[in-house]
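A.B. asks: Next comes the structure file coords16.txt, holding compact mmCIF, N, CA and C atoms.
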```
# COMPACT_ATOMS: atom_id res chain seq x y z
N GLN A 1 119.44 33.00 45.77
CA GLN A 1 119.43 32.37 47.08
C GLN A 1 118.92 33.37 48.10
N VAL A 2 117.97 32.93 48.90
CA VAL A 2 117.38 33.81 49.90
C VAL A 2 118.26 33.83 51.14
N GLN A 3 118.64 35.03 51.57
CA GLN A 3 119.41 35.19 52.79
C GLN A 3 118.84 36.33 53.61
N LEU A 4 118.81 36.12 54.90
CA LEU A 4 118.35 37.13 55.85
C LEU A 4 119.43 37.31 56.91
N VAL A 5 119.81 38.56 57.16
CA VAL A 5 120.88 38.84 58.13
C VAL A 5 120.38 39.88 59.12
N GLU A 6 120.27 39.48 60.39
CA GLU A 6 119.81 40.39 61.42
C GLU A 6 120.99 41.15 62.03
N SER A 7 120.69 42.33 62.56
CA SER A 7 121.67 43.12 63.29
C SER A 7 120.92 44.07 64.22
N GLY A 8 121.66 44.71 65.11
CA GLY A 8 121.07 45.72 65.98
C GLY A 8 120.79 45.27 67.39
N GLY A 9 121.03 44.00 67.68
CA GLY A 9 120.82 43.54 69.04
C GLY A 9 121.85 44.12 69.99
N GLY A 10 121.63 43.91 71.28
CA GLY A 10 122.57 44.41 72.27
C GLY A 10 121.99 44.34 73.65
N SER A 11 122.65 45.01 74.58
CA SER A 11 122.20 45.06 75.97
C SER A 11 121.69 46.45 76.29
N VAL A 12 120.57 46.50 76.99
CA VAL A 12 119.95 47.78 77.32
C VAL A 12 119.24 47.63 78.66
N GLN A 13 119.08 48.74 79.35
CA GLN A 13 118.34 48.72 80.60
C GLN A 13 116.84 48.78 80.34
N ALA A 14 116.08 48.30 81.29
CA ALA A 14 114.62 48.34 81.18
C ALA A 14 114.16 49.77 80.93
N GLY A 15 113.21 49.90 80.01
CA GLY A 15 112.72 51.21 79.61
C GLY A 15 113.43 51.78 78.40
N GLY A 16 114.52 51.15 78.01
CA GLY A 16 115.29 51.63 76.87
C GLY A 16 114.72 51.15 75.55
N SER A 17 115.44 51.48 74.48
CA SER A 17 115.00 51.16 73.12
C SER A 17 116.12 50.53 72.31
N LEU A 18 115.74 49.73 71.35
CA LEU A 18 116.65 49.17 70.37
C LEU A 18 115.91 49.07 69.04
N ARG A 19 116.65 49.14 67.94
CA ARG A 19 116.06 48.89 66.64
C ARG A 19 116.81 47.76 65.96
N LEU A 20 116.10 46.70 65.68
CA LEU A 20 116.66 45.57 64.97
C LEU A 20 116.48 45.75 63.47
N SER A 21 117.45 45.29 62.72
CA SER A 21 117.37 45.32 61.26
C SER A 21 117.54 43.92 60.71
N CYS A 22 116.90 43.67 59.59
CA CYS A 22 117.04 42.40 58.89
C CYS A 22 117.23 42.71 57.42
N SER A 23 118.44 42.50 56.94
CA SER A 23 118.76 42.77 55.55
C SER A 23 118.47 41.55 54.71
N ALA A 24 117.64 41.73 53.69
CA ALA A 24 117.27 40.63 52.80
C ALA A 24 118.14 40.62 51.56
N SER A 25 118.42 39.43 51.06
CA SER A 25 119.25 39.31 49.87
C SER A 25 118.55 39.90 48.65
N ALA A 26 119.33 40.24 47.65
CA ALA A 26 118.80 40.86 46.44
C ALA A 26 117.77 39.97 45.76
N SER A 27 117.90 38.66 45.91
CA SER A 27 116.95 37.73 45.28
C SER A 27 115.55 37.88 45.87
N MET A 28 115.45 38.56 47.02
CA MET A 28 114.15 38.76 47.65
C MET A 28 113.53 40.11 47.30
N TYR A 29 114.12 40.82 46.35
CA TYR A 29 113.59 42.14 46.03
C TYR A 29 112.33 42.01 45.18
N PRO A 30 111.24 42.72 45.47
CA PRO A 30 111.11 43.56 46.67
C PRO A 30 110.64 42.75 47.87
N SER A 31 111.19 43.05 49.00
CA SER A 31 110.82 42.30 50.21
C SER A 31 109.37 42.55 50.60
N SER A 32 108.76 43.60 50.05
CA SER A 32 107.35 43.88 50.35
C SER A 32 106.42 42.84 49.75
N SER A 33 106.94 41.99 48.86
CA SER A 33 106.12 40.91 48.29
C SER A 33 106.22 39.64 49.13
N TYR A 34 106.93 39.71 50.25
CA TYR A 34 107.07 38.60 51.16
C TYR A 34 106.33 38.89 52.46
N CYS A 35 105.79 37.84 53.04
CA CYS A 35 105.33 37.93 54.43
C CYS A 35 106.58 37.86 55.28
N MET A 36 106.85 38.92 56.02
CA MET A 36 108.06 39.02 56.84
C MET A 36 107.68 39.03 58.31
N GLY A 37 108.48 38.37 59.12
CA GLY A 37 108.15 38.32 60.54
C GLY A 37 109.36 38.40 61.44
N TRP A 38 109.11 38.83 62.66
CA TRP A 38 110.11 38.78 63.73
C TRP A 38 109.64 37.77 64.77
N PHE A 39 110.56 36.93 65.20
CA PHE A 39 110.29 35.93 66.23
C PHE A 39 111.38 36.06 67.29
N ARG A 40 111.13 35.49 68.46
CA ARG A 40 112.14 35.50 69.50
C ARG A 40 112.09 34.19 70.28
N GLN A 41 113.23 33.85 70.84
CA GLN A 41 113.31 32.63 71.65
C GLN A 41 114.26 32.88 72.80
N ALA A 42 113.73 32.71 74.00
CA ALA A 42 114.54 32.81 75.22
C ALA A 42 115.01 31.42 75.61
N PRO A 43 116.11 31.32 76.33
CA PRO A 43 116.62 30.00 76.74
C PRO A 43 115.57 29.21 77.50
N GLY A 44 115.36 27.97 77.09
CA GLY A 44 114.41 27.11 77.77
C GLY A 44 112.95 27.37 77.45
N LYS A 45 112.71 28.29 76.52
CA LYS A 45 111.33 28.61 76.16
C LYS A 45 111.09 28.35 74.68
N GLU A 46 109.82 28.22 74.33
CA GLU A 46 109.46 28.01 72.92
C GLU A 46 109.60 29.32 72.15
N ARG A 47 109.81 29.17 70.85
CA ARG A 47 109.88 30.33 69.99
C ARG A 47 108.53 31.04 69.97
N GLN A 48 108.59 32.36 70.00
CA GLN A 48 107.38 33.17 70.07
C GLN A 48 107.34 34.14 68.89
N GLY A 49 106.20 34.24 68.25
CA GLY A 49 106.03 35.23 67.20
C GLY A 49 105.87 36.60 67.80
N VAL A 50 106.55 37.59 67.25
CA VAL A 50 106.52 38.95 67.77
C VAL A 50 105.68 39.86 66.89
N ALA A 51 105.97 39.87 65.59
CA ALA A 51 105.25 40.76 64.68
C ALA A 51 105.44 40.29 63.25
N THR A 52 104.50 40.64 62.39
CA THR A 52 104.60 40.32 60.97
C THR A 52 104.16 41.52 60.14
N ILE A 53 104.59 41.51 58.87
CA ILE A 53 104.22 42.59 57.96
C ILE A 53 104.18 42.05 56.54
N PHE A 54 103.22 42.55 55.76
CA PHE A 54 103.14 42.21 54.34
C PHE A 54 102.76 43.45 53.56
N GLY A 55 103.54 43.78 52.54
CA GLY A 55 103.18 44.86 51.64
C GLY A 55 103.07 46.22 52.29
N ASP A 56 103.78 46.47 53.35
CA ASP A 56 103.80 47.75 54.04
C ASP A 56 102.51 48.08 54.75
N ARG A 57 101.49 47.27 54.60
CA ARG A 57 100.19 47.63 55.15
C ARG A 57 99.69 46.69 56.22
N PHE A 58 99.84 45.42 55.98
CA PHE A 58 99.25 44.44 56.88
C PHE A 58 100.26 44.07 57.96
N THR A 59 99.96 44.46 59.18
CA THR A 59 100.85 44.17 60.30
C THR A 59 100.08 43.45 61.40
N THR A 60 100.78 42.60 62.11
CA THR A 60 100.22 41.95 63.29
C THR A 60 101.26 42.00 64.39
N TYR A 61 100.79 41.98 65.62
CA TYR A 61 101.68 42.02 66.78
C TYR A 61 101.21 41.06 67.85
N ALA A 62 102.16 40.49 68.57
CA ALA A 62 101.82 39.72 69.76
C ALA A 62 101.29 40.69 70.81
N ASP A 63 100.35 40.23 71.61
CA ASP A 63 99.75 41.10 72.64
C ASP A 63 100.82 41.67 73.57
N SER A 64 101.86 40.89 73.83
CA SER A 64 102.88 41.29 74.79
C SER A 64 103.73 42.46 74.31
N VAL A 65 103.68 42.76 73.01
CA VAL A 65 104.52 43.86 72.49
C VAL A 65 103.71 44.99 71.87
N LYS A 66 102.40 44.84 71.81
CA LYS A 66 101.55 45.88 71.22
C LYS A 66 101.74 47.20 71.95
N GLY A 67 101.90 48.26 71.16
CA GLY A 67 102.09 49.59 71.73
C GLY A 67 103.53 49.90 72.09
N ARG A 68 104.40 48.88 72.06
CA ARG A 68 105.83 49.09 72.38
C ARG A 68 106.73 48.83 71.18
N PHE A 69 106.37 47.86 70.36
CA PHE A 69 107.19 47.48 69.21
C PHE A 69 106.49 47.91 67.92
N THR A 70 107.30 48.26 66.91
CA THR A 70 106.77 48.61 65.60
C THR A 70 107.58 47.90 64.53
N ILE A 71 106.88 47.17 63.68
CA ILE A 71 107.54 46.50 62.54
C ILE A 71 107.36 47.38 61.31
N SER A 72 108.41 47.47 60.51
CA SER A 72 108.35 48.28 59.30
C SER A 72 109.38 47.74 58.31
N GLN A 73 109.29 48.25 57.08
CA GLN A 73 110.30 47.82 56.10
C GLN A 73 110.61 48.97 55.15
N ASP A 74 111.83 48.98 54.69
CA ASP A 74 112.33 49.95 53.72
C ASP A 74 112.53 49.17 52.42
N ASN A 75 111.63 49.37 51.47
CA ASN A 75 111.70 48.60 50.23
C ASN A 75 112.94 48.93 49.42
N ALA A 76 113.33 50.19 49.43
CA ALA A 76 114.50 50.58 48.65
C ALA A 76 115.76 49.88 49.18
N ALA A 77 115.82 49.73 50.50
CA ALA A 77 116.98 49.09 51.12
C ALA A 77 116.78 47.59 51.29
N ASN A 78 115.57 47.12 50.96
CA ASN A 78 115.25 45.69 51.14
C ASN A 78 115.54 45.23 52.56
N THR A 79 115.11 46.05 53.50
CA THR A 79 115.43 45.81 54.91
C THR A 79 114.17 45.86 55.77
N LEU A 80 114.09 44.93 56.70
CA LEU A 80 113.01 44.85 57.67
C LEU A 80 113.51 45.39 58.99
N TYR A 81 112.64 46.10 59.72
CA TYR A 81 113.02 46.67 61.00
C TYR A 81 112.06 46.24 62.10
N LEU A 82 112.57 46.28 63.32
CA LEU A 82 111.72 46.14 64.50
C LEU A 82 112.18 47.19 65.50
N GLN A 83 111.38 48.24 65.65
CA GLN A 83 111.67 49.26 66.65
C GLN A 83 111.08 48.81 67.97
N MET A 84 111.93 48.69 68.97
CA MET A 84 111.49 48.20 70.28
C MET A 84 111.68 49.29 71.32
N ASN A 85 110.59 49.76 71.88
CA ASN A 85 110.62 50.80 72.91
C ASN A 85 110.11 50.23 74.24
N SER A 86 110.37 50.95 75.30
CA SER A 86 109.91 50.55 76.63
C SER A 86 110.24 49.08 76.90
N LEU A 87 111.46 48.72 76.65
CA LEU A 87 111.86 47.32 76.78
C LEU A 87 111.79 46.85 78.22
N LYS A 88 111.42 45.58 78.37
CA LYS A 88 111.28 44.94 79.67
C LYS A 88 112.24 43.77 79.75
N PRO A 89 112.61 43.36 80.97
CA PRO A 89 113.49 42.18 81.10
C PRO A 89 112.92 40.95 80.40
N GLU A 90 111.61 40.81 80.37
CA GLU A 90 111.01 39.65 79.72
C GLU A 90 111.11 39.69 78.20
N ASP A 91 111.60 40.79 77.64
CA ASP A 91 111.86 40.86 76.20
C ASP A 91 113.21 40.24 75.84
N THR A 92 113.98 39.88 76.86
CA THR A 92 115.29 39.27 76.61
C THR A 92 115.13 37.96 75.86
N ALA A 93 115.81 37.85 74.73
CA ALA A 93 115.72 36.67 73.87
C ALA A 93 116.63 36.86 72.66
N LYS A 94 116.76 35.80 71.90
CA LYS A 94 117.40 35.92 70.60
C LYS A 94 116.28 36.18 69.59
N TYR A 95 116.46 37.22 68.78
CA TYR A 95 115.43 37.63 67.84
C TYR A 95 115.82 37.21 66.43
N TYR A 96 114.84 36.64 65.74
CA TYR A 96 115.06 36.15 64.39
C TYR A 96 114.08 36.81 63.42
N CYS A 97 114.53 37.08 62.21
CA CYS A 97 113.60 37.48 61.17
C CYS A 97 113.36 36.29 60.25
N ALA A 98 112.19 36.29 59.63
CA ALA A 98 111.79 35.17 58.79
C ALA A 98 110.99 35.70 57.61
N ALA A 99 110.94 34.89 56.53
CA ALA A 99 110.24 35.33 55.32
C ALA A 99 109.54 34.16 54.64
N ASN A 100 108.43 34.50 53.96
CA ASN A 100 107.68 33.54 53.17
C ASN A 100 107.18 34.27 51.93
N GLY A 101 107.51 33.75 50.77
CA GLY A 101 107.03 34.39 49.56
C GLY A 101 107.89 34.07 48.36
N PRO A 102 107.76 34.81 47.26
CA PRO A 102 106.94 36.01 47.14
C PRO A 102 105.48 35.72 46.80
N TYR A 103 104.63 36.67 47.17
CA TYR A 103 103.21 36.59 46.90
C TYR A 103 102.70 37.95 46.44
N SER A 104 101.53 37.93 45.79
CA SER A 104 100.88 39.17 45.42
C SER A 104 99.48 39.17 46.02
N GLY A 105 98.84 40.31 45.97
CA GLY A 105 97.48 40.40 46.48
C GLY A 105 97.42 40.74 47.94
N SER A 106 96.29 40.45 48.57
CA SER A 106 96.05 40.79 49.95
C SER A 106 96.99 40.03 50.88
N GLY A 107 97.42 40.70 51.92
CA GLY A 107 98.32 40.06 52.87
C GLY A 107 97.67 39.73 54.18
N SER A 108 96.35 39.63 54.18
CA SER A 108 95.65 39.40 55.44
C SER A 108 95.97 38.04 56.04
N TRP A 109 96.51 37.13 55.24
CA TRP A 109 96.86 35.80 55.72
C TRP A 109 98.20 35.78 56.47
N CYS A 110 98.97 36.83 56.33
CA CYS A 110 100.32 36.88 56.90
C CYS A 110 100.25 37.08 58.41
N SER A 111 100.74 36.12 59.15
CA SER A 111 100.73 36.20 60.60
C SER A 111 101.82 35.30 61.15
N VAL A 112 101.97 35.28 62.47
CA VAL A 112 102.99 34.44 63.08
C VAL A 112 102.67 32.95 62.91
N LEU A 113 101.45 32.63 62.48
CA LEU A 113 101.06 31.24 62.25
C LEU A 113 101.45 30.77 60.84
N THR A 114 101.88 31.72 60.00
CA THR A 114 102.30 31.38 58.65
C THR A 114 103.53 30.50 58.69
N ASP A 115 103.66 29.60 57.74
CA ASP A 115 104.86 28.78 57.62
C ASP A 115 105.96 29.61 57.00
N PHE A 116 107.07 29.80 57.70
CA PHE A 116 108.18 30.60 57.22
C PHE A 116 109.35 29.68 56.83
N PRO A 117 109.66 29.56 55.55
CA PRO A 117 110.76 28.68 55.15
C PRO A 117 112.14 29.32 55.25
N TYR A 118 112.19 30.66 55.31
CA TYR A 118 113.48 31.34 55.32
C TYR A 118 113.70 32.03 56.66
N TRP A 119 114.91 31.83 57.24
CA TRP A 119 115.22 32.37 58.56
C TRP A 119 116.62 32.96 58.58
N GLY A 120 116.79 33.99 59.40
CA GLY A 120 118.11 34.53 59.64
C GLY A 120 118.77 33.80 60.80
N GLN A 121 119.98 34.24 61.15
CA GLN A 121 120.75 33.56 62.18
C GLN A 121 120.46 34.08 63.58
N GLY A 122 119.76 35.22 63.67
CA GLY A 122 119.36 35.75 64.96
C GLY A 122 120.31 36.80 65.51
N THR A 123 119.76 37.64 66.38
CA THR A 123 120.56 38.65 67.08
C THR A 123 120.05 38.71 68.52
N GLN A 124 120.99 38.79 69.46
CA GLN A 124 120.64 38.70 70.89
C GLN A 124 120.22 40.07 71.43
N VAL A 125 119.13 40.07 72.19
CA VAL A 125 118.67 41.25 72.90
C VAL A 125 118.61 40.91 74.38
N THR A 126 119.29 41.70 75.19
CA THR A 126 119.31 41.48 76.63
C THR A 126 118.85 42.76 77.33
N VAL A 127 117.81 42.64 78.15
CA VAL A 127 117.26 43.79 78.86
C VAL A 127 117.45 43.55 80.36
N SER A 128 118.16 44.45 81.00
CA SER A 128 118.43 44.31 82.43
C SER A 128 117.50 45.22 83.24
N SER A 129 117.19 44.76 84.43
CA SER A 129 116.27 45.53 85.29
C SER A 129 117.02 46.57 86.13
```
For this file, produce the structure as structure tokens.

C.D. replies:
Amino acid sequence: QVQLVESGGGSVQAGGSLRLSCSASASMYPSSSYCMGWFRQAPGKERQGVATIFGDRFTTYADSVKGRFTISQDNAANTLYLQMNSLKPEDTAKYYCAANGPYSGSGSWCSVLTDFPYWGQGTQVTVSS
């Protein structure tokens, strides 16, 4: 059974940093064979894709977070991360991790437009000015 559990959210002042984690169930090992993504949704707004990763190499980022956020994964720990630096009040949202796979080969197709069947429960990030 595929399970994703996010953690690491919290409250921080603008300019601060947070690192989100998404622990994948053992059935998803190795998580590097999955297209993994981070999404966020603020109250009253549509869900927005933040970043994706496949096979440790292929990454994509939303323009709004490029240069500030970094997506990565630890295959040994089967965990996905989102390092968020220089946080802004507009980054306030509930953040979700998602997965699609497993797949082999090139991961160039992996993006926020990919259909993600597996989702975590989310973790709240609040950035104050």

A.B. asks: Taking into account all atoms listed in the file, which residue in the set A:Val12, A:Ala26, A:Phe116, A:Ser128 is nearest to Pro89 in chain A?

C.D. replies: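 Of the candidates, the smallest distance to Pro89 in chain A is held by A:Ser128.
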
A.B. asks: Find the residues around Met36 in chain A up to 6 Å (all atoms listed in the file counted), leave out those fewer than 4 positions away in its own chain, and share them as a PyMOL selection string.

C.D. replies: chain A and resi 51-54+98-100

A.B. asks: Let me see the file: selected residues, N, CA and C atoms, as a compact mmCIF listing (two decimals), in the frame of the given file.

C.D. replies:
```txt
# COMPACT_ATOMS: atom_id res chain seq x y z
N ALA A 51 105.97 39.87 65.59
CA ALA A 51 105.25 40.76 64.68
C ALA A 51 105.44 40.29 63.25
N THR A 52 104.50 40.64 62.39
CA THR A 52 104.60 40.32 60.97
C THR A 52 104.16 41.52 60.14
N ILE A 53 104.59 41.51 58.87
CA ILE A 53 104.22 42.59 57.96
C ILE A 53 104.18 42.05 56.54
N PHE A 54 103.22 42.55 55.76
CA PHE A 54 103.14 42.21 54.34
C PHE A 54 102.76 43.45 53.56
N ALA A 98 112.19 36.29 59.63
CA ALA A 98 111.79 35.17 58.79
C ALA A 98 110.99 35.70 57.61
N ALA A 99 110.94 34.89 56.53
CA ALA A 99 110.24 35.33 55.32
C ALA A 99 109.54 34.16 54.64
N ASN A 100 108.43 34.50 53.96
CA ASN A 100 107.68 33.54 53.17
C ASN A 100 107.18 34.27 51.93
```

A.B. asks: Could you write out as AutoDock Vina command-line options the box around range 53-62 of chain A (axis-aligned, all atoms listed in the file, 8 Å on each side), with centre and edge lengths in Å to one decimal?

C.D. replies:
```
--center_x 101.9 --center_y 43.9 --center_z 61.2 --size_x 21.3 --size_y 24.4 --size_z 35.2
```

A.B. asks: Suppose you want the space between CA of Gln41 in chain A and CA of Glu90 in chain A; what is it in Å?

C.D. replies: 10.9 Å

A.B. asks: I'd like the contact shell of Gly67 in chain A - 10 Å cut-off, only C-alpha atoms, skipping same-chain residues fewer than 6 positions apart - returned as a PDB file with N, CA and C atoms, in the coordinates of the input.

C.D. replies:
```
ATOM      1  N   TYR A  61     100.790  41.980  65.620  1.00  0.00           N
ATOM      2  CA  TYR A  61     101.680  42.020  66.780  1.00  0.00           C
ATOM      3  C   TYR A  61     101.210  41.060  67.850  1.00  0.00           C
ATOM      4  N   MET A  84     111.930  48.690  68.970  1.00  0.00           N
ATOM      5  CA  MET A  84     111.490  48.200  70.280  1.00  0.00           C
ATOM      6  C   MET A  84     111.680  49.290  71.320  1.00  0.00           C
ATOM      7  N   ASN A  85     110.590  49.760  71.880  1.00  0.00           N
ATOM      8  CA  ASN A  85     110.620  50.800  72.910  1.00  0.00           C
ATOM      9  C   ASN A  85     110.110  50.230  74.240  1.00  0.00           C
ATOM     10  N   SER A  86     110.370  50.950  75.300  1.00  0.00           N
ATOM     11  CA  SER A  86     109.910  50.550  76.630  1.00  0.00           C
ATOM     12  C   SER A  86     110.240  49.080  76.900  1.00  0.00           C
TER      13      SER A  86
END
```

A.B. asks: So that I can check the surroundings of Gly10 in chain A, please list as a list in words every protein, DNA and RNA residue that reaches within 8 Å of it, counting only N, CA and C atoms and ignoring chain neighbours fewer than 6 positions away.

C.D. replies: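 Contacts, with the query itself left out: Leu18, Arg19, Thr123, Gln124, Val125, Thr126 and Val127 of chain A.
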
A.B. asks: Export N, CA and C atoms of the chosen residues as a compact mmCIF listing (two decimals), keeping the file's coordinate frame?

C.D. replies:
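See out-v2.txt below for the written result:
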```
# COMPACT_ATOMS: atom_id res chain seq x y z
N LEU A 18 115.74 49.73 71.35
CA LEU A 18 116.65 49.17 70.37
C LEU A 18 115.91 49.07 69.04
N ARG A 19 116.65 49.14 67.94
CA ARG A 19 116.06 48.89 66.64
C ARG A 19 116.81 47.76 65.96
N THR A 123 119.76 37.64 66.38
CA THR A 123 120.56 38.65 67.08
C THR A 123 120.05 38.71 68.52
N GLN A 124 120.99 38.79 69.46
CA GLN A 124 120.64 38.70 70.89
C GLN A 124 120.22 40.07 71.43
N VAL A 125 119.13 40.07 72.19
CA VAL A 125 118.67 41.25 72.90
C VAL A 125 118.61 40.91 74.38
N THR A 126 119.29 41.70 75.19
CA THR A 126 119.31 41.48 76.63
C THR A 126 118.85 42.76 77.33
N VAL A 127 117.81 42.64 78.15
CA VAL A 127 117.26 43.79 78.86
C VAL A 127 117.45 43.55 80.36
```

A.B. asks: Atom N of Gly107 in chain A and atom C of Trp38 in chain A are how many Å apart?

C.D. replies: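 Pair atom N of Gly107 in chain A / atom C of Trp38 in chain A returns 18.0 Å.
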
A.B. asks: Name the residues of chain A that come out as helix (DSSP H, G or I) in a backbone DSSP run; write them as a list in words.

C.D. replies: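 Answer for chain A, restricted to helix (DSSP H, G or I): Ala26, Ser27, Met28, Ser31, Ser32, Ser33, Pro89, Glu90 and Asp91 of chain A.
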
A.B. asks: So, counting all atoms listed in the file, which residue among A:Ser31, A:Pro43, A:Asp91, A:Tyr81 is closest to Asp56 in chain A?

C.D. replies: A:Ser31

A.B. asks: Using only C-alpha atoms, which of the listed residues (A:Ser11, A:Gly122, A:Gly37, A:Pro117) sits closest to Thr60 in chain A?

C.D. replies: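 Closest to Thr60 in chain A, using only C-alpha atoms: A:Gly37.
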
A.B. asks: Just how far from atom N of Arg57 in chain A is atom C of Cys35 in chain A, in Å to one decimal?

C.D. replies: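 These two atoms are separated by 10.7 Å.
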
A.B. asks: If you run DSSP on the backbone, which residues of chain A are strand (DSSP E), as number ranges by chain?

C.D. replies: A: 4-7, 10-13, 18-24, 35-41, 48-54, 58-61, 69-74, 79-84, 93-100, 118-119, 123-128
